[in-house]
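This is upload.txt (compact mmCIF, C-alpha atoms).
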```
# COMPACT_ATOMS: atom_id res chain seq x y z
CA MET J 1 12.43 23.39 -44.52
CA SER J 2 9.95 20.51 -44.59
CA ILE J 3 8.77 18.82 -41.38
CA LEU J 4 8.71 15.05 -41.70
CA PRO J 5 5.87 13.12 -40.05
CA ALA J 6 6.57 11.38 -36.77
CA GLY J 7 4.65 8.93 -34.60
CA PRO J 8 4.40 5.15 -34.88
CA LEU J 9 3.62 5.15 -38.61
CA GLY J 10 5.51 8.26 -39.69
CA GLY J 11 8.65 7.02 -37.96
CA LEU J 12 8.78 3.89 -40.10
CA MET J 13 10.40 5.78 -42.98
CA PHE J 14 13.58 6.32 -40.96
CA ALA J 15 16.34 3.69 -40.89
CA LYS J 16 16.81 1.89 -37.57
CA ASP J 17 20.25 1.37 -36.09
CA PHE J 18 19.40 -0.84 -33.09
CA ILE J 19 19.83 -4.62 -32.95
CA PRO J 20 16.54 -6.48 -32.32
CA ALA J 21 16.58 -9.10 -29.57
CA ARG J 22 14.19 -11.25 -27.58
CA GLU J 23 13.90 -13.33 -24.43
CA SER J 24 11.10 -15.90 -24.48
CA SER J 25 9.95 -19.18 -22.96
CA TRP J 26 10.71 -21.22 -26.10
CA ASP J 27 11.57 -24.88 -25.59
CA ARG J 28 15.36 -25.16 -25.74
CA THR J 29 15.08 -28.85 -26.70
CA GLY J 30 13.36 -27.94 -29.97
CA ARG J 31 10.10 -29.56 -28.93
CA ASN J 32 6.82 -27.79 -28.22
CA GLY J 33 7.02 -27.37 -24.45
CA ASP J 34 7.26 -23.61 -24.85
CA ALA J 35 6.35 -22.63 -21.30
CA TRP J 36 7.98 -22.32 -17.90
CA ARG J 37 6.73 -23.82 -14.66
CA ILE J 38 6.89 -21.62 -11.56
CA GLU J 39 6.69 -23.31 -8.18
CA PRO J 40 4.76 -21.92 -5.17
CA GLY J 41 6.82 -19.23 -3.47
CA GLU J 42 9.34 -19.13 -6.32
CA THR J 43 10.69 -15.93 -7.88
CA LYS J 44 11.39 -16.63 -11.55
CA VAL J 45 13.62 -14.26 -13.53
CA LEU J 46 12.14 -13.97 -17.01
CA ALA J 47 14.85 -11.71 -18.39
CA ASP J 48 18.20 -10.37 -17.18
CA LEU J 49 19.30 -8.04 -19.96
CA LYS J 50 22.47 -6.04 -20.50
CA GLY J 51 22.24 -2.47 -21.72
CA PRO J 52 22.00 -0.02 -23.16
CA GLY J 53 18.65 -1.07 -24.51
CA VAL J 54 14.90 -0.48 -24.70
CA ILE J 55 12.18 -3.05 -24.04
CA SER J 56 9.59 -2.46 -26.76
CA HIS J 57 6.99 -5.21 -26.28
CA ILE J 58 5.93 -7.73 -23.62
CA TRP J 59 3.51 -10.63 -24.17
CA PHE J 60 2.33 -13.07 -21.50
CA THR J 61 -0.17 -15.88 -21.31
CA ILE J 62 -0.51 -18.08 -18.23
CA ASN J 63 -2.06 -21.38 -17.21
CA SER J 64 -2.55 -21.80 -13.48
CA PRO J 65 -4.91 -24.00 -11.44
CA ASP J 66 -5.50 -21.06 -9.08
CA ASN J 67 -8.18 -18.89 -10.68
CA MET J 68 -6.86 -15.86 -8.75
CA TYR J 69 -3.47 -16.02 -10.48
CA LEU J 70 -3.90 -12.54 -11.98
CA ARG J 71 -3.75 -11.07 -8.47
CA LYS J 72 -1.47 -13.64 -6.79
CA LEU J 73 1.39 -13.43 -9.31
CA LEU J 74 3.53 -10.31 -8.87
CA LEU J 75 5.34 -8.65 -11.76
CA ARG J 76 8.52 -6.77 -10.83
CA MET J 77 11.03 -4.86 -12.96
CA PHE J 78 14.41 -3.44 -11.94
CA TRP J 79 16.57 -1.06 -13.96
CA ASP J 80 20.37 -0.68 -13.82
CA GLY J 81 20.91 -2.91 -10.79
CA GLU J 82 18.64 -0.92 -8.48
CA GLU J 83 17.67 -2.33 -5.08
CA HIS J 84 13.97 -1.41 -5.23
CA PRO J 85 11.68 -2.40 -8.13
CA SER J 86 10.48 0.33 -10.48
CA VAL J 87 7.51 -1.85 -11.44
CA GLU J 88 5.60 -3.79 -8.78
CA THR J 89 2.04 -4.86 -9.49
CA PRO J 90 -0.12 -7.97 -9.74
CA VAL J 91 0.38 -9.29 -13.24
CA GLY J 92 -3.24 -8.91 -14.35
CA ASP J 93 -3.64 -5.33 -13.14
CA PHE J 94 -0.45 -4.30 -14.95
CA PHE J 95 -2.12 -5.16 -18.27
CA GLY J 96 -5.42 -3.56 -17.22
CA LEU J 97 -7.16 -6.78 -16.17
CA GLY J 98 -8.81 -5.84 -12.89
CA HIS J 99 -10.60 -7.93 -10.26
CA ALA J 100 -8.66 -11.07 -11.41
CA ARG J 101 -10.95 -11.20 -14.48
CA THR J 102 -10.06 -12.04 -18.07
CA TYR J 103 -11.60 -10.07 -20.93
CA SER J 104 -10.61 -8.57 -24.28
CA TYR J 105 -9.99 -4.86 -24.79
CA GLN J 106 -7.66 -2.51 -26.65
CA CYS J 107 -5.98 0.80 -25.84
CA ALA J 108 -2.75 2.48 -26.98
CA PRO J 109 -0.24 0.87 -24.57
CA PHE J 110 -2.08 -2.42 -23.86
CA ASN J 111 -4.37 -5.02 -25.30
CA THR J 112 -5.73 -8.36 -24.12
CA SER J 113 -7.53 -11.14 -25.95
CA CYS J 114 -9.47 -14.15 -24.68
CA HIS J 115 -12.60 -16.20 -25.26
CA GLN J 116 -14.23 -15.15 -21.98
CA ARG J 117 -15.86 -11.92 -20.93
CA GLY J 118 -15.11 -11.36 -17.29
CA GLN J 119 -14.31 -14.92 -16.22
CA ILE J 120 -12.36 -15.25 -12.98
CA GLY J 121 -9.02 -16.63 -14.11
CA GLY J 122 -8.95 -18.35 -17.48
CA GLY J 123 -6.48 -18.05 -20.31
CA CYS J 124 -5.72 -14.66 -21.82
CA ALA J 125 -3.15 -13.05 -24.12
CA MET J 126 -1.70 -9.90 -22.53
CA ASN J 127 0.36 -7.31 -24.43
CA CYS J 128 2.21 -4.15 -23.41
CA TRP J 129 3.88 -1.63 -25.75
CA PHE J 130 5.18 0.91 -23.22
CA GLN J 131 8.83 1.64 -24.08
CA MET J 132 11.18 0.78 -21.20
CA PRO J 133 14.76 2.06 -21.52
CA PHE J 134 17.75 0.89 -19.45
CA ARG J 135 21.41 1.89 -19.55
CA LYS J 136 23.17 -0.98 -17.78
CA SER J 137 20.68 -3.75 -17.10
CA ALA J 138 17.03 -4.76 -16.89
CA ARG J 139 15.64 -7.58 -14.75
CA ILE J 140 12.04 -8.75 -15.07
CA GLU J 141 10.73 -11.31 -12.61
CA ILE J 142 7.53 -13.06 -11.56
CA VAL J 143 6.83 -13.93 -7.93
CA ASN J 144 4.42 -16.83 -7.44
CA GLU J 145 2.50 -16.16 -4.22
CA GLN J 146 0.02 -18.99 -4.86
CA THR J 147 -0.02 -22.27 -2.99
CA GLU J 148 -0.19 -23.96 -6.42
CA PRO J 149 2.46 -24.02 -9.14
CA VAL J 150 2.03 -22.06 -12.34
CA ARG J 151 1.83 -24.91 -14.83
CA SER J 152 2.62 -22.86 -17.92
CA PHE J 153 4.03 -19.35 -18.14
CA TYR J 154 4.53 -18.30 -21.76
CA PHE J 155 6.26 -15.01 -22.56
CA TYR J 156 7.96 -12.80 -25.12
CA ILE J 157 10.10 -9.84 -24.04
CA ASP J 158 11.19 -7.99 -27.19
CA TYR J 159 13.90 -5.39 -26.84
CA GLN J 160 16.38 -3.26 -28.75
CA LYS J 161 20.14 -3.24 -28.25
CA HIS J 162 21.54 0.27 -28.65
CA ALA J 163 25.10 1.59 -28.81
CA SER J 164 24.03 4.41 -26.47
CA LEU J 165 20.94 6.17 -25.17
CA PRO J 166 20.29 9.92 -24.97
CA ASP J 167 21.29 11.68 -21.77
CA ASP J 168 17.73 12.82 -21.04
CA ILE J 169 15.97 9.43 -21.03
CA VAL J 170 13.91 8.58 -17.94
CA TYR J 171 12.82 5.18 -16.64
CA PHE J 172 9.44 3.45 -16.79
CA HIS J 173 7.58 2.88 -13.49
CA ALA J 174 4.30 1.23 -12.48
CA GLN J 175 2.82 0.84 -9.00
CA TRP J 176 -0.29 -0.95 -7.73
CA ARG J 177 -2.31 0.39 -4.80
CA ARG J 178 -5.52 -0.59 -3.02
CA GLU J 179 -7.87 0.99 -0.49
CA ASN J 180 -10.58 -1.45 0.61
CA PRO J 181 -12.82 0.19 1.50
CA CYS J 182 -12.10 3.87 1.00
CA ASP J 183 -12.78 6.02 4.05
CA GLY J 184 -16.01 7.76 3.01
CA TRP J 185 -19.23 9.16 4.38
CA THR J 186 -22.66 8.27 3.05
CA GLY J 187 -23.87 11.81 2.41
CA GLU J 188 -27.01 11.00 4.38
CA GLY J 189 -25.93 12.13 7.82
CA SER J 190 -24.29 8.86 8.89
CA PHE J 191 -20.65 8.12 8.30
CA TRP J 192 -18.97 4.99 6.92
CA GLY J 193 -15.50 6.27 7.78
CA SER J 194 -13.56 6.95 10.94
CA ALA J 195 -14.25 9.65 13.50
CA SER J 196 -11.13 11.51 12.37
CA HIS J 197 -12.59 11.75 8.89
CA ARG J 198 -15.64 13.58 10.22
CA GLN J 199 -13.38 16.38 11.42
CA ARG J 200 -12.08 17.14 7.93
CA GLU J 201 -13.68 19.74 5.72
CA GLN J 202 -15.74 17.06 3.99
CA GLY J 203 -19.20 16.61 5.35
CA PRO J 204 -22.87 16.21 4.51
CA ASP J 205 -22.80 19.58 2.70
CA GLY J 206 -20.43 18.07 0.14
CA VAL J 207 -17.46 20.41 0.62
CA ASN J 208 -13.87 19.24 0.12
CA LEU J 209 -11.02 21.76 0.14
CA SER J 210 -8.20 19.28 0.72
CA ASP J 211 -6.83 16.16 -0.93
CA GLU J 212 -6.22 14.59 2.50
CA GLY J 213 -8.99 12.01 2.25
CA ASN J 214 -8.68 11.32 -1.48
CA TYR J 215 -7.69 8.02 -3.06
CA LEU J 216 -3.93 8.31 -3.69
CA ILE J 217 -2.91 7.35 -7.23
CA LEU J 218 0.75 8.38 -7.22
CA GLU J 219 3.32 10.12 -5.07
CA ALA J 220 6.77 10.34 -6.65
CA GLU J 221 10.00 12.30 -6.23
CA GLY J 222 12.51 13.12 -8.96
CA ARG J 223 12.17 14.40 -12.50
CA GLY J 224 9.76 12.74 -14.87
CA HIS J 225 6.21 12.66 -16.21
CA TYR J 226 2.99 10.94 -15.22
CA VAL J 227 1.45 8.95 -18.08
CA GLY J 228 -1.75 7.48 -16.67
CA VAL J 229 -3.66 5.04 -14.50
CA ASN J 230 -6.15 2.20 -14.56
CA PHE J 231 -8.73 1.70 -11.81
CA SER J 232 -10.57 -1.41 -10.64
CA ILE J 233 -13.56 -0.28 -8.57
CA ASP J 234 -16.08 -2.46 -6.75
CA HIS J 235 -19.31 -0.94 -5.42
CA GLN J 236 -19.80 -1.51 -1.70
CA ALA J 237 -23.19 0.21 -1.78
CA ARG J 238 -25.61 1.06 -4.56
CA GLY J 239 -25.17 4.35 -6.31
CA TRP J 240 -22.80 6.13 -8.70
CA TRP J 241 -19.17 5.48 -7.73
CA GLY J 242 -17.87 8.51 -9.56
CA GLU J 243 -18.13 12.30 -9.40
CA GLY J 244 -14.79 12.54 -7.57
CA ASP J 245 -12.46 15.35 -8.63
CA ASP J 246 -8.89 14.55 -9.64
CA MET J 247 -6.23 16.71 -7.98
CA ILE J 248 -2.59 16.96 -9.07
CA PHE J 249 0.14 18.81 -7.17
CA VAL J 250 3.40 19.41 -9.08
CA ASP J 251 6.80 20.46 -7.68
CA ARG J 252 5.58 21.56 -4.27
CA ASP J 253 8.03 22.39 -1.48
CA GLY J 254 6.87 21.35 1.97
CA GLU J 255 3.15 21.68 2.71
CA ARG J 256 0.71 21.33 -0.17
CA THR J 257 -1.05 24.68 -0.25
CA TRP J 258 -4.51 24.83 -1.81
CA PRO J 259 -5.53 24.70 -4.64
CA PRO J 260 -3.81 21.95 -6.64
CA ASP J 261 -1.94 22.83 -9.82
CA MET J 262 -4.51 20.80 -11.76
CA HIS J 263 -8.04 20.32 -10.45
CA GLY J 264 -10.69 18.30 -12.27
CA THR J 265 -14.47 18.21 -12.20
CA GLY J 266 -15.37 14.54 -11.69
CA SER J 267 -14.20 10.96 -12.14
CA GLU J 268 -15.86 10.41 -15.50
CA ASP J 269 -14.51 13.78 -16.65
CA TYR J 270 -10.94 12.82 -15.72
CA LEU J 271 -11.52 9.55 -17.58
CA ALA J 272 -12.50 11.70 -20.61
CA GLN J 273 -16.12 10.50 -20.67
CA ALA J 274 -19.30 12.24 -19.43
CA TRP J 275 -22.68 11.57 -17.83
CA GLY J 276 -21.33 8.49 -16.10
CA MET J 277 -19.23 5.86 -17.86
CA GLN J 278 -20.06 4.07 -21.08
CA LYS J 279 -18.84 0.68 -22.29
CA ASN J 280 -16.19 2.08 -24.62
CA ALA J 281 -12.49 1.16 -24.69
CA TYR J 282 -10.64 3.83 -26.67
CA LEU J 283 -6.93 4.48 -27.34
CA TYR J 284 -6.33 6.65 -24.29
CA ASN J 285 -9.43 6.34 -22.10
CA GLY J 286 -12.48 4.25 -21.40
CA MET J 287 -14.10 1.36 -19.61
CA SER J 288 -12.47 -1.95 -20.44
CA TRP J 289 -14.92 -4.14 -18.51
CA CYS J 290 -17.99 -3.98 -16.27
CA GLU J 291 -19.64 -6.82 -14.41
CA LEU J 292 -23.22 -5.90 -15.34
CA GLU J 293 -24.73 -5.31 -18.75
CA ASP J 294 -27.01 -2.61 -17.35
CA GLN J 295 -26.82 -0.27 -14.34
CA PHE J 296 -23.03 -0.70 -14.16
CA ASN J 297 -22.66 2.88 -12.93
CA ASP J 298 -24.69 1.94 -9.84
CA TRP J 299 -23.56 -1.55 -8.90
CA GLY J 300 -20.97 -4.25 -9.51
CA LYS J 301 -17.32 -4.21 -10.51
CA VAL J 302 -15.88 -1.91 -13.19
CA CYS J 303 -12.47 -1.39 -14.82
CA VAL J 304 -11.60 2.01 -16.30
CA TYR J 305 -8.46 3.79 -17.51
CA ARG J 306 -6.94 7.10 -18.62
CA TYR J 307 -3.52 7.21 -20.30
CA HIS J 308 -1.69 10.51 -20.79
CA ILE J 309 0.18 9.43 -23.92
CA LEU J 310 -0.44 12.62 -25.90
CA ASP J 311 -0.71 14.80 -22.78
CA PRO J 312 1.89 13.61 -20.23
CA ILE J 313 2.13 15.62 -17.00
CA PRO J 314 5.80 16.52 -16.30
CA PHE J 315 7.37 17.22 -12.93
CA GLN J 316 10.83 18.49 -12.06
CA LYS J 317 10.96 17.58 -8.34
CA ASN J 318 7.84 15.74 -7.25
CA ILE J 319 4.23 14.96 -8.04
CA ARG J 320 1.15 13.87 -6.11
CA VAL J 321 -1.90 12.58 -7.99
CA SER J 322 -5.14 11.75 -6.17
CA ILE J 323 -8.87 11.56 -6.82
CA GLU J 324 -11.96 11.79 -4.63
CA HIS J 325 -13.86 8.52 -4.10
CA GLY J 326 -17.27 9.95 -4.89
CA HIS J 327 -18.04 13.66 -4.59
CA ALA J 328 -16.14 15.08 -1.60
CA ASN J 329 -15.15 11.48 -0.76
CA ASP J 330 -18.71 10.47 0.08
CA ARG J 331 -18.31 6.79 -0.96
CA SER J 332 -16.57 3.84 0.66
CA ASP J 333 -16.04 1.60 -2.34
CA ASP J 334 -13.13 -0.78 -2.97
CA TRP J 335 -10.53 0.94 -5.19
CA CYS J 336 -7.43 -0.57 -6.80
CA SER J 337 -5.16 1.18 -9.28
CA VAL J 338 -1.96 0.94 -11.27
CA ALA J 339 -0.20 4.26 -11.89
CA TYR J 340 2.28 4.56 -14.76
CA TRP J 341 5.02 7.16 -15.04
CA TYR J 342 8.59 7.82 -16.17
CA GLN J 343 11.24 9.36 -13.95
CA THR J 344 14.91 9.58 -13.06
CA GLU J 345 16.46 7.02 -10.74
CA PRO J 346 16.74 6.46 -7.85
CA HIS J 347 12.99 6.58 -7.22
CA ARG J 348 11.15 6.79 -3.93
CA PRO J 349 10.75 3.18 -2.64
CA PHE J 350 7.19 1.88 -2.84
CA PRO J 351 5.22 0.98 0.31
CA PRO J 352 5.25 -2.75 1.11
CA MET J 353 3.08 -4.77 -1.26
CA LEU J 354 -0.08 -6.16 0.31
CA PRO J 355 0.07 -9.92 0.90
CA ALA J 356 -1.74 -12.06 -1.65
CA GLU J 357 -4.83 -12.65 0.49
CA LEU J 358 -5.38 -8.88 0.83
CA ARG J 359 -5.07 -8.36 -2.92
CA LEU J 360 -7.96 -10.65 -3.79
CA PRO J 361 -11.19 -9.12 -5.14
CA ASN J 362 -14.37 -9.16 -3.14
CA TRP J 363 -16.86 -11.86 -4.20
```
Write out the structure in this file as structure tokens.
Amino acid sequence: MSILPAGPLGGLMFAKDFIPARESSWDRTGRNGDAWRIEPGETKVLADLKGPGVISHIWFTINSPDNMYLRKLLLRMFWDGEEHPSVETPVGDFFGLGHARTYSYQCAPFNTSCHQRGQIGGGCAMNCWFQMPFRKSARIEIVNEQTEPVRSFYFYIDYQKHASLPDDIVYFHAQWRRENPCDGWTGEGSFWGSASHRQREQGPDGVNLSDEGNYLILEAEGRGHYVGVNFSIDHQARGWWGEGDDMIFVDRDGERTWPPDMHGTGSEDYLAQAWGMQKNAYLYNGMSWCELEDQFNDWGKVCVYRYHILDPIPFQKNIRVSIEHGHANDRSDDWCSVAYWYQTEPHRPFPPMLPAELRLPNW
């Protein structure tokens, strides 16, 4: 029996039985005003779809007088009439644009394109190809937390209408987090963090036998699989921000006994690079932007990512994903992240989103 090729290209030989559909900002008058205005404080529903279906592509580009719009506009997605959003993240960070900067890069689930390299604000095309299934309904909305209106919000939301979906589908999720600064110690005998942190097993000898003080990427309950993360990191002191081990606990009951089910060897190793980070943006891993041309591993702002597209990490009951901020949590840098995963609903409600002023990057 022959095995037919699969994947994005191999799958094109098979007939498709879904109906293609789209929601977009096209001008209903037939003119060329193909954008929506979003007032300050307004929640604008971009799409309210009926299922069963699968969102297959999202494209945004935005014109706003507030150059921090990438952090001040919130993207939320709700599946099947749920109360709590399954996606909640600043719009820029969702597409991998960290620190409210616009730049061009490409990876498997995302790409962006613009004329600038690291400009604060500015116009940018943003694309997402993560598949997002829903059985009954899908609602995608933008919350404008600026004091200025969004003058032009252009969008495509391409989706497939299906007669039914398989019983074992799980739902797409994305969550933004920030710790500014992380609670670290300098490694030189004086501490940046709190007194309680000094009592943990971390210390000047560089020992860490707990994930208690790590930067938390994801904590989820249900059945699903973790598919990756992007980080926006801003040095708060000179020196290499990395070397932190990733730690993943899967399907634990009660207390998390040591060691983790998956334990890594350093930040750049988890990001599938080595000897620091290099300015490479690959399909599943890399650095999409850095503020400095040189010495970017020692100073400035960086944006990095690792997507588990070919190597998803499944869980049957729960998962906790964290990473040290520096070796044994020795650094107190500013960390932001968006975690991406699929899981059954209902999901564990997210912590309250930080207000807009606390989401802004450091200057």
**Item:** Selected residue of minimal separation from Gly286 in chain J among J:Pro349, J:Gly96, J:Pro90, J:Pro355, counting only C-alpha atoms
**Value:** J:Gly96
**Request:** List the neighbours of range 317-330 of chain J out to 6 Å using all atoms listed in the file; skip same-chain residues closer than 6 positions along the sequence, and give me the result as an NGL selection string.
**Result:** :J and (184-187 or 202 or 206-208 or 214-223 or 241-251)
**Prompt:** Got a sec: who's within 10 Å of range 13-24 of chain J, counting all atoms listed in the file, leaving out chain neighbours fewer than 2 positions off, as JSON, numbers by chain?
**Reply:** {"J": [4, 5, 6, 9, 10, 11, 26, 27, 34, 35, 36, 46, 47, 48, 49, 53, 54, 55, 56, 57, 58, 59, 60, 154, 155, 156, 157, 158, 159, 160, 161, 162, 163, 164]}
Identify, on the basis of all atoms listed in the file, every residue whose closest approach to range 133-142 of chain J does not exceed 8 Å; exclude the query and any residue fewer than 5 positions from it along the same chain; express the result as a tab-separated table (two decimals) with C-alpha atoms, in the coordinates of the input.
```
chain	number	residue	atom	x	y	z
J	43	THR	CA	10.69	-15.93	-7.88
J	44	LYS	CA	11.39	-16.63	-11.55
J	45	VAL	CA	13.62	-14.26	-13.53
J	46	LEU	CA	12.14	-13.97	-17.01
J	47	ALA	CA	14.85	-11.71	-18.39
J	48	ASP	CA	18.20	-10.37	-17.18
J	49	LEU	CA	19.30	-8.04	-19.96
J	50	LYS	CA	22.47	-6.04	-20.50
J	51	GLY	CA	22.24	-2.47	-21.72
J	52	PRO	CA	22.00	-0.02	-23.16
J	53	GLY	CA	18.65	-1.07	-24.51
J	54	VAL	CA	14.90	-0.48	-24.70
J	55	ILE	CA	12.18	-3.05	-24.04
J	73	LEU	CA	1.39	-13.43	-9.31
J	74	LEU	CA	3.53	-10.31	-8.87
J	75	LEU	CA	5.34	-8.65	-11.76
J	76	ARG	CA	8.52	-6.77	-10.83
J	77	MET	CA	11.03	-4.86	-12.96
J	78	PHE	CA	14.41	-3.44	-11.94
J	79	TRP	CA	16.57	-1.06	-13.96
J	80	ASP	CA	20.37	-0.68	-13.82
J	81	GLY	CA	20.91	-2.91	-10.79
J	164	SER	CA	24.03	4.41	-26.47
J	165	LEU	CA	20.94	6.17	-25.17
J	169	ILE	CA	15.97	9.43	-21.03
J	170	VAL	CA	13.91	8.58	-17.94
J	171	TYR	CA	12.82	5.18	-16.64
J	172	PHE	CA	9.44	3.45	-16.79
```
**Close residues, Ala174 in chain J itself excluded, 6 Å, all atoms listed in the file, min 3 positions apart in chain, as a ChimeraX atom specification** = /J:87,339-340
Report as a CSV table (one decimal) with C-alpha atoms, in the coordinates of the input all protein, DNA and RNA residues lying within 8 Å of Pro314 in chain J, evaluated on all atoms listed in the file, omitting residues in the same chain fewer than 6 positions from it.
```csv
chain,number,residue,atom,x,y,z
J,223,ARG,CA,12.2,14.4,-12.5
J,224,GLY,CA,9.8,12.7,-14.9
J,225,HIS,CA,6.2,12.7,-16.2
J,226,TYR,CA,3.0,10.9,-15.2
```
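What separates CA of Pro181 in chain J from CA of Trp341 in chain J is a distance of 25.3 Å.
Counting only C-alpha atoms, the residue from J:Glu42, J:Asn32, J:Trp289, J:Leu271 that sits nearest to Gln116 in chain J is J:Trp289.
Interatomic distance, CA of Gln106 in chain J to CA of Ile313 in chain J: 22.8 Å.
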**Within-8 Å shell of (-21.6, 4.1, -10.0) in input frame, all atoms listed in the file, as an MDAnalysis selection string** = chainID J and resid 235 238:242 276 296:299
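Put simply, CA of Asp261 in chain J is 12.1 Å away from CA of Asp211 in chain J.
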**Asked** With all atoms listed in the file as the atoms that count, which of J:Phe95, J:Phe315, J:Tyr105, J:Trp258 lies nearest to Glu212 in chain J?
**Response** J:Trp258
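Distances from J:Phe231, J:Phe130, J:Tyr342, J:Tyr69 to Phe153 in chain J were compared using all atoms listed in the file, and the smallest one belongs to J:Tyr69.
Between Gln236 in chain J and the candidates J:Gly266, J:Pro361, J:Pro352, J:Gly118, the tightest atom-to-atom separation, counting only C-alpha atoms, involves J:Pro361.
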**Complete:** The residue from J:Phe94, J:Trp176, J:Trp363, J:Tyr307 with the smallest atom-to-atom distance to Leu283 in chain J, counting all atoms listed in the file, is J:Tyr307
Starting from the block above, write range 28-52 of chain J out to a file with C-alpha atoms, as a compact mmCIF listing (two decimals), in the first residue's frame, please.
```txt
# COMPACT_ATOMS: atom_id res chain seq x y z
CA ARG J 28 -19.77 48.23 1.37
CA THR J 29 -20.50 51.31 -0.77
CA GLY J 30 -18.20 50.04 -3.52
CA ARG J 31 -15.74 52.88 -3.04
CA ASN J 32 -12.18 52.59 -1.75
CA GLY J 33 -12.71 53.33 1.95
CA ASP J 34 -11.75 49.77 2.83
CA ALA J 35 -11.02 50.30 6.52
CA TRP J 36 -12.87 50.56 9.80
CA ARG J 37 -12.53 53.33 12.36
CA ILE J 38 -12.39 52.27 16.02
CA GLU J 39 -13.12 54.91 18.64
CA PRO J 40 -11.24 55.24 21.97
CA GLY J 41 -12.57 52.70 24.45
CA GLU J 42 -14.58 50.90 21.76
CA THR J 43 -14.70 47.11 21.35
CA LYS J 44 -15.13 46.37 17.65
CA VAL J 45 -16.28 42.90 16.55
CA LEU J 46 -14.38 42.04 13.38
CA ALA J 47 -16.08 38.70 12.81
CA ASP J 48 -18.99 36.80 14.36
CA LEU J 49 -18.99 33.49 12.51
CA LYS J 50 -21.31 30.50 12.62
CA GLY J 51 -19.87 27.01 12.68
CA PRO J 52 -18.72 24.45 12.14
```
